[in-house]
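What follows is the content of my_file.txt, which has compact mmCIF, C-alpha atoms:
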# COMPACT_ATOMS: atom_id res chain seq x y z
CA MET Y 31 -73.68 -197.72 -98.71
CA LYS Y 32 -74.45 -200.63 -101.00
CA GLN Y 33 -72.27 -203.69 -101.28
CA LEU Y 34 -70.42 -204.56 -104.44
CA ARG Y 35 -72.05 -207.26 -106.45
CA VAL Y 36 -69.90 -209.92 -108.01
CA LYS Y 37 -72.29 -210.09 -110.97
CA VAL Y 38 -71.71 -206.40 -111.73
CA LEU Y 39 -67.95 -206.85 -111.53
CA ALA Y 40 -68.11 -209.95 -113.73
CA GLY Y 41 -70.29 -208.11 -116.24
CA LEU Y 42 -67.84 -205.20 -116.40
CA PHE Y 43 -65.00 -207.67 -116.87
CA VAL Y 44 -66.74 -209.50 -119.72
CA VAL Y 45 -67.91 -206.34 -121.51
CA ALA Y 46 -64.46 -204.74 -121.26
CA GLY Y 47 -62.87 -207.98 -122.46
CA VAL Y 48 -65.08 -208.30 -125.51
CA LEU Y 49 -64.68 -204.63 -126.42
CA SER Y 50 -60.90 -204.70 -126.03
CA TRP Y 51 -60.62 -207.93 -128.02
CA GLY Y 52 -62.57 -206.30 -130.85
CA ALA Y 53 -60.54 -203.11 -130.55
CA ALA Y 54 -57.30 -205.12 -130.67
CA ARG Y 55 -58.43 -206.86 -133.86
CA LEU Y 56 -59.40 -203.53 -135.40
CA TRP Y 57 -56.20 -201.81 -134.29
CA GLU Y 58 -54.08 -204.67 -135.66
CA SER Y 59 -55.74 -204.35 -139.06
CA PHE Y 60 -54.74 -200.66 -139.23
CA GLY Y 61 -51.26 -200.93 -137.78
CA THR Y 62 -49.30 -202.18 -134.83
CA LEU Y 63 -51.10 -203.05 -131.63
CA PRO Y 64 -49.89 -200.99 -128.63
CA SER Y 65 -47.93 -203.01 -126.12
CA VAL Y 66 -49.13 -204.10 -122.71
CA PRO Y 67 -47.00 -202.20 -120.17
CA LEU Y 68 -44.95 -204.18 -117.71
CA ALA Y 69 -46.11 -201.78 -115.00
CA ALA Y 70 -49.77 -202.83 -115.36
CA PRO Y 71 -49.60 -206.01 -113.26
CA ILE Y 72 -47.19 -204.36 -110.82
CA VAL Y 73 -49.50 -201.41 -110.13
CA LEU Y 74 -52.52 -203.67 -109.75
CA ALA Y 75 -50.59 -205.96 -107.38
CA VAL Y 76 -49.53 -202.97 -105.25
CA ILE Y 77 -53.17 -201.83 -105.02
CA ALA Y 78 -54.21 -205.36 -104.00
CA VAL Y 79 -51.54 -205.43 -101.29
CA VAL Y 80 -52.61 -202.01 -99.96
CA LEU Y 81 -56.26 -203.09 -99.84
CA ALA Y 82 -55.42 -206.39 -98.14
CA ALA Y 83 -53.16 -204.68 -95.59
CA THR Y 84 -55.86 -202.13 -94.84
CA ALA Y 85 -58.43 -204.89 -94.40
CA LEU Y 86 -56.19 -206.90 -92.08
CA SER Y 87 -55.35 -203.82 -90.02
CA LEU Y 88 -58.98 -202.78 -89.70
CA ARG Y 89 -60.04 -206.34 -88.89
CA SER Y 90 -57.62 -206.64 -85.98
CA ARG Y 91 -58.55 -203.19 -84.66
CA LEU Y 92 -62.28 -203.91 -84.94
CA ARG Y 93 -61.90 -207.27 -83.18
CA ALA Y 94 -60.00 -205.65 -80.32
CA GLN Y 95 -62.57 -202.86 -80.14
CA ARG Y 96 -65.51 -205.28 -80.10
CA ALA Y 97 -63.82 -207.45 -77.47
CA ARG Y 98 -63.27 -204.31 -75.39
CA VAL Y 99 -59.56 -204.96 -75.02
CA ALA Y 100 -57.97 -202.37 -72.75
CA GLY Y 101 -55.95 -199.85 -74.75
CA ALA Y 102 -57.36 -201.01 -78.08
CA LYS Y 103 -57.13 -198.41 -80.80
CA GLY Y 104 -60.61 -197.81 -82.18
CA VAL Y 105 -61.67 -197.36 -85.77
CA GLU Y 106 -63.19 -194.06 -86.81
CA PRO Y 107 -66.40 -194.69 -88.78
CA MET Y 108 -65.40 -192.16 -91.47
CA MET Y 109 -62.03 -193.84 -91.93
CA ALA Y 110 -63.71 -197.21 -92.36
CA ALA Y 111 -66.20 -195.69 -94.80
CA ARG Y 112 -63.38 -194.11 -96.82
CA ALA Y 113 -61.55 -197.43 -96.91
CA VAL Y 114 -64.67 -199.18 -98.20
CA VAL Y 115 -65.23 -196.52 -100.86
CA PHE Y 116 -61.58 -196.82 -101.95
CA GLY Y 117 -61.99 -200.59 -102.12
CA GLN Y 118 -65.19 -200.39 -104.13
CA ALA Y 119 -63.74 -197.89 -106.58
CA SER Y 120 -60.60 -200.00 -106.92
CA ALA Y 121 -62.66 -203.13 -107.58
CA LEU Y 122 -64.72 -201.44 -110.28
CA VAL Y 123 -61.66 -200.04 -112.03
CA ALA Y 124 -59.81 -203.34 -111.66
CA ALA Y 125 -62.73 -205.20 -113.25
CA LEU Y 126 -62.60 -202.88 -116.26
CA VAL Y 127 -58.81 -202.93 -116.58
CA SER Y 128 -58.59 -206.69 -116.07
CA GLY Y 129 -61.25 -207.24 -118.69
CA MET Y 130 -59.37 -205.00 -121.07
CA TYR Y 131 -56.12 -206.91 -120.56
CA ALA Y 132 -57.98 -210.22 -120.81
CA GLY Y 133 -59.37 -209.23 -124.20
CA VAL Y 134 -55.97 -208.15 -125.45
CA GLY Y 135 -54.43 -211.32 -124.00
CA VAL Y 136 -56.97 -213.52 -125.78
CA PHE Y 137 -56.20 -211.68 -129.02
CA LEU Y 138 -52.47 -212.22 -128.48
CA LEU Y 139 -52.95 -215.97 -127.97
CA GLY Y 140 -53.15 -216.31 -131.74
CA SER Y 141 -49.54 -215.21 -132.19
CA LEU Y 142 -47.59 -216.78 -129.33
CA ASP Y 143 -44.88 -217.93 -131.75
CA ILE Y 144 -43.62 -214.32 -131.92
CA PRO Y 145 -41.48 -213.68 -128.78
CA ALA Y 146 -42.62 -210.06 -128.34
CA ARG Y 147 -46.27 -211.09 -128.58
CA ARG Y 148 -45.71 -213.95 -126.14
CA ASP Y 149 -44.23 -211.49 -123.61
CA GLN Y 150 -47.20 -209.17 -124.09
CA ALA Y 151 -49.61 -212.06 -123.53
CA ILE Y 152 -47.77 -212.96 -120.32
CA TYR Y 153 -47.93 -209.36 -119.06
CA ALA Y 154 -51.64 -209.26 -119.89
CA GLY Y 155 -52.20 -212.54 -118.03
CA PHE Y 156 -50.39 -211.25 -114.96
CA ALA Y 157 -52.43 -208.04 -115.13
CA VAL Y 158 -55.65 -210.08 -115.13
CA VAL Y 159 -54.49 -212.12 -112.13
CA ALA Y 160 -53.46 -208.95 -110.26
CA GLY Y 161 -56.81 -207.33 -111.12
CA ILE Y 162 -58.66 -210.31 -109.70
CA ALA Y 163 -56.51 -209.97 -106.56
CA VAL Y 164 -57.61 -206.32 -106.28
CA ILE Y 165 -61.24 -207.38 -106.53
CA ALA Y 166 -60.78 -210.10 -103.92
CA ALA Y 167 -59.01 -207.72 -101.53
CA ALA Y 168 -61.72 -205.09 -102.02
CA LEU Y 169 -64.46 -207.61 -101.27
CA PHE Y 170 -62.55 -208.74 -98.18
CA LEU Y 171 -62.17 -205.13 -97.02
CA GLU Y 172 -65.86 -204.54 -97.53
CA ARG Y 173 -66.69 -207.64 -95.50
CA VAL Y 174 -64.35 -206.57 -92.69
CA CYS Y 175 -66.01 -203.16 -92.43
CA LYS Y 176 -69.53 -204.53 -92.46
CA LEU Y 177 -71.51 -203.66 -89.36
CA PRO Y 178 -72.44 -206.68 -87.21
CA GLU Y 179 -76.11 -205.73 -87.06
CA ASP Y 180 -76.25 -205.61 -90.87
CA ASP Y 181 -75.25 -209.25 -91.36
CA ASP Y 182 -78.84 -210.33 -92.04
CA GLU Y 183 -79.64 -207.47 -94.42
CA GLY Y 184 -76.57 -207.84 -96.65
CA ALA Y 185 -77.00 -204.34 -98.11
CA ALA Y 186 -75.09 -201.91 -95.93
CA SER Y 187 -71.45 -201.39 -95.06
CA VAL Y 188 -69.79 -198.88 -92.81
Structure rendered as structure tokens:
Amino acid sequence: MKQLRVKVLAGLFVVAGVLSWGAARLWESFGTLPSVPLAAPIVLAVIAVVLAATALSLRSRLRAQRARVAGAKGVEPMMAARAVVFGQASALVAALVSGMYAGVGVFLLGSLDIPARRDQAIYAGFAVVAGIAVIAAALFLERVCKLPEDDDEGAASV
């Protein structure tokens, strides 16, 4: 399994941001821009918490397993692989969604004097921050599940 690359995630973020900024400008010229849902940053934050909790749980179990602590609960390789795949997929989607909300947020910066637009810009900003937290948690999870003998290669995860 290949590791996530920060450059790929950053590229997805930037491309999604530019496209959504342009789409927001176009949409505004034809009518009213759809609102940024309040649930967007909440859902992204919940995903970040789940990924971080999974990473911390796996890290403690792997440390105990490697230290050969008596009664330590081991980690099934398939479970670790599924966790990494979930983290990678979450990071890719979060990069796209965060970029989208960043583009809309940048568009909304031009009309912060309107209270409804200001609220939408705040929701978009929180969604971007929560998306970055998802990416950070996914990268941490991937690092936790990395096999010790693969540290020099840098290309494989469990």
Open item on the list: Using all atoms listed in the file, which protein or nucleic acid residues come within 12 Å of Val123 of chain Y? Drop anything in the same chain fewer than 2 positions from it, and give the result as a ChimeraX atom specification.
Closed with: /Y:38-40,42-43,46,74,77,116-121,125-130,161-162,164-165,168
Might you pull out every residue within 10 Å of Ala163 of chain Y, with only C-alpha atoms counted and same-chain residues fewer than 2 positions away left off, and present them as a compact mmCIF listing (two decimals) with C-alpha atoms, in the coordinates of the input?
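Contents of around27.txt, as written:
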# COMPACT_ATOMS: atom_id res chain seq x y z
CA LEU Y 74 -52.52 -203.67 -109.75
CA ALA Y 75 -50.59 -205.96 -107.38
CA VAL Y 76 -49.53 -202.97 -105.25
CA ILE Y 77 -53.17 -201.83 -105.02
CA ALA Y 78 -54.21 -205.36 -104.00
CA VAL Y 79 -51.54 -205.43 -101.29
CA LEU Y 81 -56.26 -203.09 -99.84
CA ALA Y 82 -55.42 -206.39 -98.14
CA ALA Y 121 -62.66 -203.13 -107.58
CA ALA Y 124 -59.81 -203.34 -111.66
CA ALA Y 157 -52.43 -208.04 -115.13
CA VAL Y 158 -55.65 -210.08 -115.13
CA VAL Y 159 -54.49 -212.12 -112.13
CA ALA Y 160 -53.46 -208.95 -110.26
CA GLY Y 161 -56.81 -207.33 -111.12
CA ILE Y 165 -61.24 -207.38 -106.53
CA ALA Y 166 -60.78 -210.10 -103.92
CA ALA Y 167 -59.01 -207.72 -101.53
CA ALA Y 168 -61.72 -205.09 -102.02
CA LEU Y 169 -64.46 -207.61 -101.27
- [ ] Find the distance between atom CA of Gln33 of chain Y and atom CA of Leu86 of chain Y and write it in Å to one decimal.
- [x] 18.8 Å
Task: Given only C-alpha atoms as the counted atoms, nearest of Y:Gly41, Y:Lys32, Y:Gly101, Y:Gly47 to Val136 of chain Y - done: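 When distances to Val136 of chain Y are compared using only C-alpha atoms, the smallest one comes from Y:Gly47.
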Task: For Val45 of chain Y, the nearest of the candidates Y:Tyr131, Y:Val114, Y:Arg93, Y:Phe170, counting only C-alpha atoms - done: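 Of the candidates, the smallest distance to Val45 of chain Y is held by Y:Tyr131.
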Task: Distance criterion (all atoms listed in the file): nearest to Ile152 of chain Y out of Y:Leu68, Y:Leu88, Y:Leu63, Y:Leu49 - done: Y:Leu68
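Our summary of the geometry notes that atom CA of Ala110 of chain Y is positioned 24.2 Å from atom CA of Lys37 of chain Y.
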Task: Leu92 of chain Y surroundings by all atoms listed in the file, 7 Å radius, close-in-sequence under 4 positions cut, as a ChimeraX atom specification - done: /Y:88,96,104-105
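One distance worth recording is that between atom CA of Ala151 of chain Y and atom CA of Leu138 of chain Y, which is 5.7 Å.
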Open item on the list: List as number ranges by chain the protein and nucleic acid residues near Gln150 of chain Y, meaning an atom at most 9 Å away when all atoms listed in the file are counted, but skip any in the same chain fewer than 2 places from it.
Closed with: Y: 65-68, 134-135, 138, 145-148, 152-155
- [ ] In the coordinates of the file, take the point (-61.4, -198.8, -92.1) and a cut-off of 9 Å; then, counting all atoms listed in the file, name each qualifying protein, DNA or RNA residue as a list in words.
- [x] Thr84, Ala85, Ser87, Leu88, Arg89, Leu92, Val105, Glu106, Pro107, Met108, Met109, Ala110, Ala111, Arg112, Ala113, Val114, Leu171, Val174, Cys175 and Val188 of chain Y
Task: Option closest in space to Phe156 of chain Y, from Y:Ala53, Y:Ala132, Y:Leu122, Y:Leu34 [counting all atoms listed in the file] - done: Y:Ala132
Once N, CA, C and O atoms are restored for segment 113-130 of chain Y, what would the output be as a short mmCIF file (atom, residue, chain, number, x, y, z; two decimals), in the coordinates of the input?
data_model
loop_
_atom_site.label_atom_id
_atom_site.label_comp_id
_atom_site.auth_asym_id
_atom_site.auth_seq_id
_atom_site.Cartn_x
_atom_site.Cartn_y
_atom_site.Cartn_z
N ALA Y 113 -62.25 -196.22 -96.48
CA ALA Y 113 -61.55 -197.43 -96.91
C ALA Y 113 -62.46 -198.28 -97.80
O ALA Y 113 -62.03 -198.81 -98.83
N VAL Y 114 -63.72 -198.39 -97.40
CA VAL Y 114 -64.67 -199.18 -98.20
C VAL Y 114 -64.90 -198.54 -99.57
O VAL Y 114 -64.92 -199.22 -100.60
N VAL Y 115 -65.03 -197.22 -99.59
CA VAL Y 115 -65.23 -196.52 -100.86
C VAL Y 115 -64.00 -196.70 -101.76
O VAL Y 115 -64.12 -196.93 -102.96
N PHE Y 116 -62.81 -196.59 -101.18
CA PHE Y 116 -61.58 -196.82 -101.95
C PHE Y 116 -61.56 -198.24 -102.49
O PHE Y 116 -61.21 -198.47 -103.65
N GLY Y 117 -61.96 -199.20 -101.67
CA GLY Y 117 -61.99 -200.59 -102.12
C GLY Y 117 -63.00 -200.82 -103.23
O GLY Y 117 -62.71 -201.51 -104.21
N GLN Y 118 -64.18 -200.22 -103.10
CA GLN Y 118 -65.19 -200.39 -104.13
C GLN Y 118 -64.76 -199.76 -105.45
O GLN Y 118 -64.92 -200.35 -106.51
N ALA Y 119 -64.21 -198.56 -105.36
CA ALA Y 119 -63.74 -197.89 -106.58
C ALA Y 119 -62.61 -198.69 -107.22
O ALA Y 119 -62.56 -198.86 -108.45
N SER Y 120 -61.71 -199.20 -106.40
CA SER Y 120 -60.60 -200.00 -106.92
C SER Y 120 -61.11 -201.27 -107.59
O SER Y 120 -60.60 -201.68 -108.64
N ALA Y 121 -62.11 -201.90 -107.00
CA ALA Y 121 -62.66 -203.13 -107.58
C ALA Y 121 -63.32 -202.86 -108.92
O ALA Y 121 -63.17 -203.63 -109.87
N LEU Y 122 -64.06 -201.76 -109.01
CA LEU Y 122 -64.72 -201.44 -110.28
C LEU Y 122 -63.70 -201.14 -111.38
O LEU Y 122 -63.82 -201.64 -112.51
N VAL Y 123 -62.69 -200.35 -111.04
CA VAL Y 123 -61.66 -200.04 -112.03
C VAL Y 123 -60.86 -201.30 -112.39
O VAL Y 123 -60.54 -201.53 -113.56
N ALA Y 124 -60.56 -202.11 -111.40
CA ALA Y 124 -59.81 -203.34 -111.66
C ALA Y 124 -60.61 -204.30 -112.55
O ALA Y 124 -60.01 -204.99 -113.39
N ALA Y 125 -61.91 -204.34 -112.38
CA ALA Y 125 -62.73 -205.20 -113.25
C ALA Y 125 -62.64 -204.73 -114.71
O ALA Y 125 -62.50 -205.54 -115.62
N LEU Y 126 -62.71 -203.42 -114.90
CA LEU Y 126 -62.60 -202.88 -116.26
C LEU Y 126 -61.21 -203.11 -116.85
O LEU Y 126 -61.06 -203.57 -117.99
N VAL Y 127 -60.18 -202.79 -116.08
CA VAL Y 127 -58.81 -202.93 -116.58
C VAL Y 127 -58.46 -204.40 -116.81
O VAL Y 127 -57.84 -204.74 -117.82
N SER Y 128 -58.86 -205.26 -115.90
CA SER Y 128 -58.59 -206.69 -116.07
C SER Y 128 -59.31 -207.24 -117.29
O SER Y 128 -58.75 -208.07 -118.03
N GLY Y 129 -60.53 -206.82 -117.49
CA GLY Y 129 -61.25 -207.24 -118.69
C GLY Y 129 -60.57 -206.76 -119.95
O GLY Y 129 -60.46 -207.50 -120.94
N MET Y 130 -60.08 -205.53 -119.92
CA MET Y 130 -59.37 -205.00 -121.07
C MET Y 130 -58.12 -205.83 -121.38
O MET Y 130 -57.89 -206.22 -122.52
#
